[in-house]
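Report on the following structure.
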Amino acid sequence: MTAPRDIQAYLAEFDDIPGTRVFTAARARQGYWLNQFCMSLMKDENRRRFRADERAYLDEWPMTEAQKQALLDRDYNRAIDLGANVYFLAKLFFTDGKSFLQAVGTMTGMTADDYQAMMIAGGRSPEGQRSIREGR
Amino acid sequence: MTAPRDIQAYLAEFDDIPGTRVFTAARARQGYWLNQFCMSLMKDENRRRFRADERAYLDEWPMTEAQKQALLDRDYNRAIDLGANVYFLAKLFFTDGKSFLQAVGTMTGMTADDYQAMMIAGGRSPEGQRSIREGR
Amino acid sequence: MARITAGVATSHVPALGAAIDLGKTREPYWADCFAGYEWTRRWESEQAPDVIVLVYNDHASAFDMNVIPTFAIGCAERYVSADEGWGPRPVPDVIGHADLAWHIAQCCILDEFDMTIINDMAVDHGLTVPLSLMFGQPAQWPARIIPLAVNVVTYPPPSGNRCWLLGEAIARAVASFPEDLNVQIWGTGGMSHQLQGSRAGLINKPWDTAFLDRLTADPEALRGIPHIEYLREAGSEGIELVMWLIMRGALGPGARELHRHYHVPASNTAVGHIVLENG
Amino acid sequence: MARITAGVATSHVPALGAAIDLGKTREPYWADCFAGYEWTRRWESEQAPDVIVLVYNDHASAFDMNVIPTFAIGCAERYVSADEGWGPRPVPDVIGHADLAWHIAQCCILDEFDMTIINDMAVDHGLTVPLSLMFGQPAQWPARIIPLAVNVVTYPPPSGNRCWLLGEAIARAVASFPEDLNVQIWGTGGMSHQLQGSRAGLINKPWDTAFLDRLTADPEALRGIPHIEYLREAGSEGIELVMWLIMRGALGPGARELHRHYHVPASNTAVGHIVLENG
Ligand SMILES: [Fe+3]
Ligand SMILES: [Fe+3]
């Protein structure tokens, strides 16, 4: 058995990764309704209702105001801070007609062109991005 | 690991039990729509529609004619032969206002009173009911 | 630190729930059956567990033929009573303990159990009848509940040994939960019964009694009982007894019997009930 | 007797599916990426597998927050393509192999894997993109598919070791299936990618290359990689690589590399692809 047995130690390590929020139980619970809202966008009828009046559609879901605002703003980092997971958010990306590349790029603070150029050049290096504590 | 590893040998033993049909994959597949029909009776609206016209409601489900007839006849042994499982059938027992005791008793060939009396007297003995092959 | 203080096992016959709901528990047919739970009702009110890990099986209520999890752990805040065909049982909503449930789920997955996490489900008689037996008809249940649903309907169910191992993993998980909680684990279902065919009504008191005895006298032996033995000896629905082994696996080797009750019949079933103090 | 003849691994980036569906595979951005699959497309048409056990993860399509199975095996006759927000991909329905799927499900449960059996689900890009990569745009897929969905979204996913062990159990199950079938097992997802936050776009070619090397050079070492290493080295979505270990665990120790392809980027992701002959 190679898996770590101590769940607290297992979870604590996740906070040491720069710019990364792992979808743990705590986040899954916080983001439950936000993520269920995203799932609803798998139906075209719901996508249409959402597009027609985003605010009204969001108000049908028991989310916090901060969660609704993050979605209205398409502030995906904020949404993830508030419990979203990217695979649920993807339903919103696609409802908006955005690709993963376009939507994910907005989370980096880079322009779409710069992000695309970085990916074509081989992507972001892991150097210095592995561990906050160890600075590697 | 105490479980038998050979699935064929595991399943073959089930056929050696008198008057018993184990809900194996083969039965689960055969009875899929019959059992899904039973699940639909968990909604009062569906129970009402079923009671109003049993045949019409059954015809909405892609079951075999034999399966439908077994349900119309409340021939539970036949239904189980055709892939039903008793916990799914229970939704039909309850839709009919029958208890498990009343419905299960009909599968034994005994009268309701005789079955009830047997249970009060301590139930059916396992003697001779364990194995067809071994006669025990 | 959370600790498992006791294990409780009981049959969960739907007719027992109906008898309680309809006020029939003192009728001649039922009086002896319910009398055997009186000791436990007093004991539970003294024990006042904070949380109960309630091992049961869903009887084609929350799970239909489309999703059949071997081990499903409820991590929700609340569960409503299922409508099994005659309307939902008139019992309080079941309040979960999401913190401990998620903790157990996470620990068991790290421990290489392939859990299914559930955040929305209705709970059927398999879960609510044991609550009624131990707690009567309160306005709200006196403990938080973590439902653990085990597939014993579609074959193969998990082996008795796998159930025991899951019990051990649950015990490790509970012991690593930082909050001070009095946790019980209940195993439900059984004892001997068969709800189909010409063999319906089968009851095997000697086999059931030996099973109850071995829970303290030789629990390890119970791990090795193959499914075919449950089917032959305890009837086609007696297979539910594998769920008792999750409860037993979660207790220490020195668990002590505090109370036992055995009654035939409740509807088609032999009612068995045992209370084990952890040790 | 059924036999696993080969293992195939590939990334399942949704943009790869979109490029195929929209006829863009020869555009400059995509040409090199798709060129690496041409060898495999020829090889697959020669191999003509009867059944593919297709290990993938559902990306919040069939399973929402309410039901999160660790290992879900599809036993249905047919699966439709999921609507992930821009309508279902225009691909043929996926035809299952219910006989073999149920056989594997039953064997794995007896083998003490806690499977969830699924009889109705839509399949998302995780399953359909690999089919498109290997088979192009046929009127119907040339093989029957057994979907095996692994939770890698909500933590913890299964350990790499547990995935490997499941692969071994699947291999035992396939070997005990009486019908003569040419079975492949595919592991999908990965390689390095991160779809969130300031670290999005992370690609780790040296680590990915070592992972590909070790699939034949030192596969046992892959079992022990902890989740945190996938997260640090391969990005938050690189954890999908644990699914490749189910594929690898199902092959013998002497599996031989027939073909490899590695390309950066496809959308946000490092595309990795390898073909292993069983041995
Ligand atoms: Fe039961
Ligand atoms: Fe993926």
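We name chains A, B, ... following the order of the structure tokens; residues begin at 1 in each chain, and ligands are numbered from 1 as shown.
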Within 8 Å of range 83-97 of chain B using only C-alpha atoms, minus same-chain residues under 5 positions, as a ChimeraX atom specification: /B:23,27-32,34-36,38-39,41-42,47,76,103 /C:59-60,84-86,195-196
With C-alpha atoms kept, could you save the residues just selected as an mmCIF file, in the first residue's frame?
```
data_model
loop_
_atom_site.group_PDB
_atom_site.id
_atom_site.type_symbol
_atom_site.label_atom_id
_atom_site.label_comp_id
_atom_site.auth_asym_id
_atom_site.auth_seq_id
_atom_site.Cartn_x
_atom_site.Cartn_y
_atom_site.Cartn_z
ATOM 1 C CA PHE B 23 -30.709 -12.082 -8.971
ATOM 2 C CA ARG B 27 -31.647 -12.068 -14.550
ATOM 3 C CA ALA B 28 -30.843 -8.390 -14.057
ATOM 4 C CA ARG B 29 -30.439 -7.998 -17.805
ATOM 5 C CA GLN B 30 -33.557 -9.970 -18.660
ATOM 6 C CA GLY B 31 -35.641 -8.034 -16.170
ATOM 7 C CA TYR B 32 -34.201 -4.572 -16.771
ATOM 8 C CA LEU B 34 -39.680 -4.833 -15.846
ATOM 9 C CA ASN B 35 -37.738 -3.659 -12.821
ATOM 10 C CA GLN B 36 -37.494 -0.086 -14.101
ATOM 11 C CA CYS B 38 -41.600 -1.157 -10.898
ATOM 12 C CA MET B 39 -39.358 1.761 -9.869
ATOM 13 C CA LEU B 41 -44.401 3.211 -9.072
ATOM 14 C CA MET B 42 -42.457 5.152 -6.444
ATOM 15 C CA ARG B 47 -49.356 4.722 -9.388
ATOM 16 C CA TYR B 76 -44.802 -13.050 -8.993
ATOM 17 C CA ALA B 103 -47.609 -10.863 -1.553
ATOM 18 C CA HIS C 59 -34.044 -1.953 -1.587
ATOM 19 C CA ALA C 60 -34.355 -0.537 -5.109
ATOM 20 C CA GLU C 84 -41.524 2.828 -1.598
ATOM 21 C CA GLY C 85 -44.992 2.611 -3.087
ATOM 22 C CA TRP C 86 -47.317 3.592 -0.252
ATOM 23 C CA LEU C 195 -39.068 -13.428 -0.070
ATOM 24 C CA GLN C 196 -39.610 -15.468 -3.240
#
```
Near chain B, which residues of chain D fall within 9 Å when you count only C-alpha atoms, and what do they look like as a list in words? Ala98, Asp99, Trp102, His103, Gln106, Cys107, Leu110, Asp111, Glu112, Ala173 and Ser176 of chain D
Write the residues of the selection above to a file with N, CA and C atoms, as a PDB file, in the first residue's frame.
```pdb
ATOM      1  N   ALA D  98     -22.192  -6.085 -23.395  1.00  0.00           N
ATOM      2  CA  ALA D  98     -22.779  -6.327 -22.075  1.00  0.00           C
ATOM      3  C   ALA D  98     -22.324  -7.662 -21.477  1.00  0.00           C
ATOM      4  N   ASP D  99     -22.156  -8.677 -22.309  1.00  0.00           N
ATOM      5  CA  ASP D  99     -21.744  -9.986 -21.771  1.00  0.00           C
ATOM      6  C   ASP D  99     -20.393  -9.887 -21.068  1.00  0.00           C
ATOM      7  N   TRP D 102     -20.479  -7.325 -17.903  1.00  0.00           N
ATOM      8  CA  TRP D 102     -21.040  -7.927 -16.690  1.00  0.00           C
ATOM      9  C   TRP D 102     -20.089  -8.988 -16.127  1.00  0.00           C
ATOM     10  N   HIS D 103     -19.459  -9.735 -17.033  1.00  0.00           N
ATOM     11  CA  HIS D 103     -18.498 -10.746 -16.574  1.00  0.00           C
ATOM     12  C   HIS D 103     -17.363 -10.081 -15.793  1.00  0.00           C
ATOM     13  N   GLN D 106     -18.687  -8.705 -12.405  1.00  0.00           N
ATOM     14  CA  GLN D 106     -18.890  -9.767 -11.418  1.00  0.00           C
ATOM     15  C   GLN D 106     -17.557 -10.291 -10.882  1.00  0.00           C
ATOM     16  N   CYS D 107     -16.619 -10.551 -11.809  1.00  0.00           N
ATOM     17  CA  CYS D 107     -15.320 -11.083 -11.385  1.00  0.00           C
ATOM     18  C   CYS D 107     -14.594 -10.091 -10.472  1.00  0.00           C
ATOM     19  N   LEU D 110     -16.105 -10.130  -6.988  1.00  0.00           N
ATOM     20  CA  LEU D 110     -15.634 -11.329  -6.260  1.00  0.00           C
ATOM     21  C   LEU D 110     -14.174 -11.165  -5.844  1.00  0.00           C
ATOM     22  N   ASP D 111     -13.437 -10.426  -6.644  1.00  0.00           N
ATOM     23  CA  ASP D 111     -12.021 -10.184  -6.375  1.00  0.00           C
ATOM     24  C   ASP D 111     -11.829  -9.037  -5.385  1.00  0.00           C
ATOM     25  N   GLU D 112     -12.919  -8.577  -4.791  1.00  0.00           N
ATOM     26  CA  GLU D 112     -12.893  -7.556  -3.734  1.00  0.00           C
ATOM     27  C   GLU D 112     -12.548  -6.165  -4.256  1.00  0.00           C
ATOM     28  N   ALA D 173     -10.123 -11.393 -15.213  1.00  0.00           N
ATOM     29  CA  ALA D 173     -11.529 -11.561 -15.626  1.00  0.00           C
ATOM     30  C   ALA D 173     -11.613 -11.850 -17.129  1.00  0.00           C
ATOM     31  N   SER D 176     -10.753 -15.287 -18.148  1.00  0.00           N
ATOM     32  CA  SER D 176     -11.694 -16.345 -17.759  1.00  0.00           C
ATOM     33  C   SER D 176     -13.003 -16.260 -18.538  1.00  0.00           C
TER      34      SER D 176
END
```
Could you work out which residues of chain C fall inside 6 Å of chain D? Count only C-alpha atoms, and format the result as a list in words. Asn66, Val67, Ile68, Pro69, Thr70, Asp114, Met115, Thr116, Ile117, Ile118, Asn119 and Asp120 of chain C
If the limit is 10 Å from any atom of ligand 1, counting only C-alpha atoms and all ligand atoms, which residues qualify? Return them as a list of chain:residue names. B:Tyr87, C:Ser11, C:His12, C:Val13, C:Pro14, C:Tyr56, C:Asn57, C:Asp58, C:His59, C:Asp124, C:His125, C:Gly126, C:Leu127, C:Val129, C:Val152, C:Val153, C:Thr188, C:Gly189, C:Gly190, C:Met191, C:His193, C:Glu237, C:Gly238, C:Ile239, C:Glu240, C:Leu241, C:Thr269
Mind checking which residues fall within 7 Å of Trp164 in chain D, counting only C-alpha atoms, ignoring those fewer than 3 positions away in the same chain, and posting them as an MDAnalysis selection string? chainID D and resid 160:161 167:168 223 245:246 248:249
For Gln129 in chain B, work out the shell of residues within 9 Å, counting only C-alpha atoms and skipping chain neighbours fewer than 3 positions away, then give it as a PyMOL selection string. (chain B and resi 17-19+125-126+132+135-136) or (chain C and resi 199+202+232-233)
Could the residues in this selection be saved with all heavy atoms as a compact mmCIF listing (two decimals), in the first residue's frame?
```txt
# COMPACT_ATOMS: atom_id res chain seq x y z
N ILE B 17 -30.17 -24.50 -5.44
CA ILE B 17 -31.01 -24.19 -4.28
C ILE B 17 -32.47 -24.33 -4.67
O ILE B 17 -32.93 -23.71 -5.63
CB ILE B 17 -30.74 -22.75 -3.78
CG1 ILE B 17 -29.24 -22.53 -3.57
CG2 ILE B 17 -31.50 -22.49 -2.50
CD1 ILE B 17 -28.87 -21.09 -3.26
N PRO B 18 -33.22 -25.15 -3.93
CA PRO B 18 -34.62 -25.38 -4.32
C PRO B 18 -35.44 -24.08 -4.32
O PRO B 18 -35.27 -23.23 -3.43
CB PRO B 18 -35.14 -26.32 -3.22
CG PRO B 18 -33.93 -26.92 -2.60
CD PRO B 18 -32.84 -25.92 -2.74
N GLY B 19 -36.30 -23.92 -5.30
CA GLY B 19 -37.30 -22.85 -5.31
C GLY B 19 -36.73 -21.46 -5.14
O GLY B 19 -37.37 -20.60 -4.53
N SER B 125 -38.99 -24.82 7.58
CA SER B 125 -37.71 -25.44 7.96
C SER B 125 -36.75 -25.49 6.77
O SER B 125 -37.18 -25.73 5.64
CB SER B 125 -37.97 -26.86 8.47
OG SER B 125 -36.74 -27.57 8.51
N PRO B 126 -35.48 -25.29 7.02
CA PRO B 126 -34.50 -25.44 5.94
C PRO B 126 -34.22 -26.90 5.58
O PRO B 126 -33.57 -27.17 4.56
CB PRO B 126 -33.24 -24.77 6.50
CG PRO B 126 -33.37 -24.89 7.99
CD PRO B 126 -34.84 -24.85 8.28
N ILE B 132 -30.53 -29.19 -3.96
CA ILE B 132 -31.23 -30.17 -4.77
C ILE B 132 -30.35 -31.41 -4.93
O ILE B 132 -30.77 -32.54 -4.72
CB ILE B 132 -31.57 -29.58 -6.15
CG1 ILE B 132 -32.50 -28.36 -5.99
CG2 ILE B 132 -32.20 -30.63 -7.06
CD1 ILE B 132 -32.64 -27.52 -7.24
N GLY B 135 -29.80 -33.27 -1.69
CA GLY B 135 -31.03 -33.66 -1.01
C GLY B 135 -31.06 -33.33 0.48
O GLY B 135 -31.65 -34.04 1.28
N ARG B 136 -30.42 -32.24 0.88
CA ARG B 136 -30.41 -31.92 2.31
C ARG B 136 -31.13 -30.61 2.60
O ARG B 136 -31.27 -29.78 1.74
CB ARG B 136 -28.96 -31.83 2.83
CG ARG B 136 -28.15 -30.71 2.21
CD ARG B 136 -26.72 -30.73 2.72
NE ARG B 136 -25.91 -29.78 1.98
CZ ARG B 136 -25.49 -28.59 2.46
NH1 ARG B 136 -25.80 -28.23 3.69
NH2 ARG B 136 -24.79 -27.78 1.72
N ARG C 199 -39.81 -21.64 -1.69
CA ARG C 199 -39.06 -21.75 -0.43
C ARG C 199 -39.30 -20.52 0.46
O ARG C 199 -38.71 -20.39 1.54
CB ARG C 199 -37.57 -21.92 -0.75
CG ARG C 199 -36.78 -22.58 0.36
CD ARG C 199 -35.34 -22.88 -0.06
NE ARG C 199 -34.48 -21.72 -0.08
CZ ARG C 199 -33.24 -21.69 0.40
NH1 ARG C 199 -32.68 -22.79 0.93
NH2 ARG C 199 -32.52 -20.59 0.32
N LEU C 202 -38.66 -19.36 4.61
CA LEU C 202 -37.60 -20.14 5.27
C LEU C 202 -37.04 -19.37 6.47
O LEU C 202 -36.75 -18.17 6.38
CB LEU C 202 -36.48 -20.44 4.27
CG LEU C 202 -35.34 -21.28 4.85
CD1 LEU C 202 -34.94 -22.38 3.88
CD2 LEU C 202 -34.13 -20.41 5.19
N ARG C 232 -28.22 -20.77 1.05
CA ARG C 232 -28.77 -22.08 1.39
C ARG C 232 -29.38 -22.06 2.80
O ARG C 232 -30.47 -22.59 3.02
CB ARG C 232 -27.67 -23.14 1.39
CG ARG C 232 -27.13 -23.53 0.02
CD ARG C 232 -26.31 -24.83 0.16
NE ARG C 232 -25.35 -25.06 -0.90
CZ ARG C 232 -25.66 -25.57 -2.10
NH1 ARG C 232 -26.91 -25.87 -2.40
NH2 ARG C 232 -24.71 -25.77 -3.00
N GLU C 233 -28.65 -21.49 3.74
CA GLU C 233 -29.01 -21.63 5.15
C GLU C 233 -29.96 -20.55 5.64
O GLU C 233 -30.78 -20.79 6.52
CB GLU C 233 -27.75 -21.62 6.02
CG GLU C 233 -26.77 -22.76 5.74
CD GLU C 233 -27.28 -24.11 6.24
OE1 GLU C 233 -28.27 -24.16 7.01
OE2 GLU C 233 -26.68 -25.14 5.84
```
I need the alpha helix (DSSP H) residues of chain A per DSSP on the backbone, written as number ranges by chain. A: 7-12, 25-30, 32-40, 44-52, 54-58, 65-72, 76-81, 86-95, 100-105, 112-120
For range 21-26 of chain D, please output as an MDAnalysis selection string all residues within 8 Å (counting only C-alpha atoms; exclusion window: fewer than 4 positions along the same chain). chainID D and resid 17 30:31 34 89:90
Can I get the selection written as a tab-separated table (two decimals), in the first residue's frame, with N, CA and C atoms?
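And here is the file that came out, selection-v5.tsv:
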```tsv
chain	number	residue	atom	x	y	z
D	17	GLY	N	-11.07	16.40	-30.28
D	17	GLY	CA	-12.36	15.98	-30.84
D	17	GLY	C	-12.96	17.08	-31.70
D	30	TRP	N	-2.66	21.82	-35.89
D	30	TRP	CA	-3.02	20.45	-35.52
D	30	TRP	C	-2.24	19.36	-36.24
D	31	ALA	N	-1.66	19.69	-37.41
D	31	ALA	CA	-1.15	18.63	-38.29
D	31	ALA	C	-0.17	17.69	-37.59
D	34	PHE	N	-1.88	15.31	-34.98
D	34	PHE	CA	-2.63	14.17	-35.53
D	34	PHE	C	-1.74	13.19	-36.29
D	89	ARG	N	-21.21	15.66	-29.21
D	89	ARG	CA	-20.31	15.47	-30.35
D	89	ARG	C	-21.02	14.61	-31.42
D	90	PRO	N	-20.82	14.96	-32.69
D	90	PRO	CA	-21.48	14.20	-33.77
D	90	PRO	C	-20.73	12.90	-34.06
```
Name the residues of range 34-234 of chain C that fall into strand (DSSP E) according to DSSP on the backbone, using the chain letters and numbers of this document, as an MDAnalysis selection string. chainID C and resid 51:56 67:69 71:74 78:79 94:95 116:118 144:150 182:188
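Using only C-alpha atoms and all ligand atoms, the smallest distance between any of A:Met119, A:Thr20, A:Ala79, A:Phe100 and ligand 2 comes from A:Phe100.
Our summary of the geometry notes that CA of Arg55 in chain A is positioned 8.0 Å from CA of Lys68 in chain A.
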Considering only C-alpha atoms, return as an NGL selection string whatever protein or nucleic-acid residues lie within 8 Å of Ser81 in chain C, sequence-local ones (same chain, fewer than 3 positions apart) excluded. :C and (88-94 or 122-124 or 128)
